[in-house]
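Peer 1: Following this line is entry06.tsv, made up of TSV, C-alpha atoms:
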chain	number	residue	atom	x	y	z
A	689	MET	CA	-52.03	5.12	-57.86
A	690	GLN	CA	-50.67	7.32	-60.63
A	691	ARG	CA	-47.09	8.47	-60.13
A	692	HIS	CA	-45.91	11.95	-60.97
A	693	GLU	CA	-43.98	12.01	-64.25
A	694	GLN	CA	-41.17	14.21	-62.88
A	695	TYR	CA	-40.65	11.75	-60.01
A	696	MET	CA	-40.59	8.84	-62.45
A	697	ALA	CA	-37.95	10.66	-64.52
A	698	LEU	CA	-35.54	10.58	-61.57
A	699	GLY	CA	-34.54	6.99	-62.35
A	700	SER	CA	-35.46	3.72	-64.00
A	701	SER	CA	-35.99	1.80	-60.76
A	702	ARG	CA	-37.61	2.59	-57.43
A	703	GLU	CA	-34.23	2.51	-55.71
A	704	GLU	CA	-32.68	4.94	-58.21
A	705	ARG	CA	-35.63	7.32	-57.83
A	706	CYS	CA	-35.43	7.22	-54.03
A	707	ILE	CA	-31.70	7.99	-54.05
A	708	ALA	CA	-32.13	10.80	-56.59
A	709	TYR	CA	-35.07	12.28	-54.66
A	710	ARG	CA	-33.15	12.26	-51.37
A	711	GLU	CA	-30.23	13.98	-53.05
A	712	LEU	CA	-32.54	16.54	-54.66
A	713	VAL	CA	-34.12	17.44	-51.34
A	714	ARG	CA	-30.81	17.43	-49.50
A	715	THR	CA	-29.21	19.91	-51.87
A	716	HIS	CA	-32.16	22.28	-52.31
A	717	LEU	CA	-33.20	22.89	-48.70
A	718	ASP	CA	-31.05	25.20	-46.64
A	719	GLY	CA	-31.03	25.32	-42.85
A	720	GLN	CA	-33.62	28.12	-42.72
A	721	ASP	CA	-36.07	26.13	-44.88
A	722	ILE	CA	-35.64	23.03	-42.74
A	723	HIS	CA	-36.17	25.08	-39.57
A	724	GLN	CA	-39.37	26.60	-41.04
A	725	ILE	CA	-40.72	23.16	-42.01
A	726	ARG	CA	-39.97	21.74	-38.54
A	727	GLN	CA	-41.64	24.70	-36.81
A	728	ALA	CA	-44.71	24.39	-39.04
A	729	ALA	CA	-44.92	20.63	-38.43
A	730	HIS	CA	-44.62	21.18	-34.67
A	731	CYS	CA	-47.60	23.58	-34.79
A	732	CYS	CA	-49.53	21.51	-37.38
A	733	GLN	CA	-49.42	24.39	-39.85
A	734	PRO	CA	-48.80	24.28	-43.60
A	735	VAL	CA	-45.73	25.91	-45.12
A	736	GLY	CA	-46.52	28.35	-47.91
A	737	ASP	CA	-47.30	31.89	-48.85
A	738	ASP	CA	-50.46	33.82	-47.99
A	739	ARG	CA	-52.21	32.74	-51.19
A	740	PHE	CA	-51.59	29.06	-50.36
A	741	ARG	CA	-52.91	29.53	-46.81
A	742	GLN	CA	-56.01	31.34	-48.09
A	743	LYS	CA	-56.79	28.51	-50.50
A	744	ILE	CA	-56.57	25.97	-47.67
A	745	GLU	CA	-58.77	28.10	-45.40
A	746	GLN	CA	-61.40	28.49	-48.12
A	747	ARG	CA	-61.38	24.89	-49.24
A	748	TYR	CA	-61.67	23.37	-45.78
A	749	ASP	CA	-63.52	26.24	-44.07
A	750	ILE	CA	-60.89	26.56	-41.35
A	751	ARG	CA	-58.72	29.35	-39.99
A	752	LEU	CA	-54.95	28.88	-39.96
A	753	GLY	CA	-52.42	30.56	-37.73
A	754	GLN	CA	-51.69	30.90	-34.07
A	755	MET	CA	-54.80	31.13	-31.96
A	756	ARG	CA	-55.04	32.44	-28.42
A	757	ARG	CA	-54.97	29.81	-25.74
A	758	GLY	CA	-58.06	29.05	-23.73
A	759	LYS	CA	-61.71	29.71	-24.34
A	760	PRO	CA	-62.79	32.48	-26.67
A	761	ARG	CA	-63.56	35.70	-24.81
A	762	LYS	CA	-67.19	36.60	-24.35
A	763	GLU	CA	-68.30	39.71	-26.18
A	764	VAL	CA	-69.52	42.48	-23.86
A	765	GLU	CA	-73.01	43.71	-24.70
A	766	GLU	CA	-73.57	47.45	-24.45
Any chance you could give the structure as structure tokens?

Peer 2:
Amino acid sequence: MQRHEQYMALGSSREERCIAYRELVRTHLDGQDIHQIRQAAHCCQPVGDDRFRQKIEQRYDIRLGQMRRGKPRKEVEE
């Protein structure tokens, strides 16, 4: 597995990189960001802007977002 060069630059040993990464995440995520990530994880949704969501939908041919509960409604024929 190839490691990301920015991650590798965090320290010379695995332990140093882990500590630096934890500190990086701890200081850059405010309470609102953490809440958003937890809500998204609870609903199995990605966190990102509309462009990011559209790319996921296109790549995997899925629809993201909250769906209505239950069976899809039948269309009424006229």

Peer 1: Quick check, in Å to one decimal: how far apart do atom CA of Phe740 of chain A and atom CA of Gln724 of chain A lie?

Peer 2: 15.6 Å

Peer 1: Atom CA of His723 of chain A to atom CA of Glu711 of chain A: how many Å, to one decimal?

Peer 2: 18.4 Å

Peer 1: Using only C-alpha atoms, which of the listed residues (A:Glu745, A:Asp721, A:Tyr709, A:Ile750) sits closest to Gln694 of chain A?

Peer 2: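 For Gln694 of chain A, the nearest of the candidates is A:Tyr709.
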
Peer 1: To one decimal place, how far is atom CA of Val735 of chain A from atom CA of Arg705 of chain A in Å?

Peer 2: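 Computing the Euclidean distance for atom CA of Val735 of chain A and atom CA of Arg705 of chain A yields 24.7 Å.
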
Peer 1: Under the rule that all atoms listed in the file are counted, which of A:Leu712, A:Leu717, A:Cys732, A:Cys706 is the nearest residue to Leu752 of chain A?

Peer 2: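 The answer is A:Cys732, which sits nearest to Leu752 of chain A.
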
Peer 1: Any idea what's packed within 12 Å of Ala708 of chain A, counting all atoms listed in the file, ignoring anything in its chain fewer than 3 positions away? Could you give it as a PyMOL selection string?

Peer 2: chain A and resi 694-705+711-715

Peer 1: Show me the residues close to (-47.5, 26.4, -43.7) - anything with an atom within 12 Å, counting all atoms listed in the file - and format the list as a ChimeraX atom specification.

Peer 2: /A:721,724-745,752-754

Peer 1: Take the residues from that selection and put them in a file with C-alpha atoms, as a PDB file, in the coordinates of the input.

Peer 2:
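Ended up saving to again.pdb:
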ATOM      1  CA  ASP A 721     -36.070  26.130 -44.880  1.00  0.00           C
ATOM      2  CA  GLN A 724     -39.370  26.600 -41.040  1.00  0.00           C
ATOM      3  CA  ILE A 725     -40.720  23.160 -42.010  1.00  0.00           C
ATOM      4  CA  ARG A 726     -39.970  21.740 -38.540  1.00  0.00           C
ATOM      5  CA  GLN A 727     -41.640  24.700 -36.810  1.00  0.00           C
ATOM      6  CA  ALA A 728     -44.710  24.390 -39.040  1.00  0.00           C
ATOM      7  CA  ALA A 729     -44.920  20.630 -38.430  1.00  0.00           C
ATOM      8  CA  HIS A 730     -44.620  21.180 -34.670  1.00  0.00           C
ATOM      9  CA  CYS A 731     -47.600  23.580 -34.790  1.00  0.00           C
ATOM     10  CA  CYS A 732     -49.530  21.510 -37.380  1.00  0.00           C
ATOM     11  CA  GLN A 733     -49.420  24.390 -39.850  1.00  0.00           C
ATOM     12  CA  PRO A 734     -48.800  24.280 -43.600  1.00  0.00           C
ATOM     13  CA  VAL A 735     -45.730  25.910 -45.120  1.00  0.00           C
ATOM     14  CA  GLY A 736     -46.520  28.350 -47.910  1.00  0.00           C
ATOM     15  CA  ASP A 737     -47.300  31.890 -48.850  1.00  0.00           C
ATOM     16  CA  ASP A 738     -50.460  33.820 -47.990  1.00  0.00           C
ATOM     17  CA  ARG A 739     -52.210  32.740 -51.190  1.00  0.00           C
ATOM     18  CA  PHE A 740     -51.590  29.060 -50.360  1.00  0.00           C
ATOM     19  CA  ARG A 741     -52.910  29.530 -46.810  1.00  0.00           C
ATOM     20  CA  GLN A 742     -56.010  31.340 -48.090  1.00  0.00           C
ATOM     21  CA  LYS A 743     -56.790  28.510 -50.500  1.00  0.00           C
ATOM     22  CA  ILE A 744     -56.570  25.970 -47.670  1.00  0.00           C
ATOM     23  CA  GLU A 745     -58.770  28.100 -45.400  1.00  0.00           C
ATOM     24  CA  LEU A 752     -54.950  28.880 -39.960  1.00  0.00           C
ATOM     25  CA  GLY A 753     -52.420  30.560 -37.730  1.00  0.00           C
ATOM     26  CA  GLN A 754     -51.690  30.900 -34.070  1.00  0.00           C
TER      27      GLN A 754
END
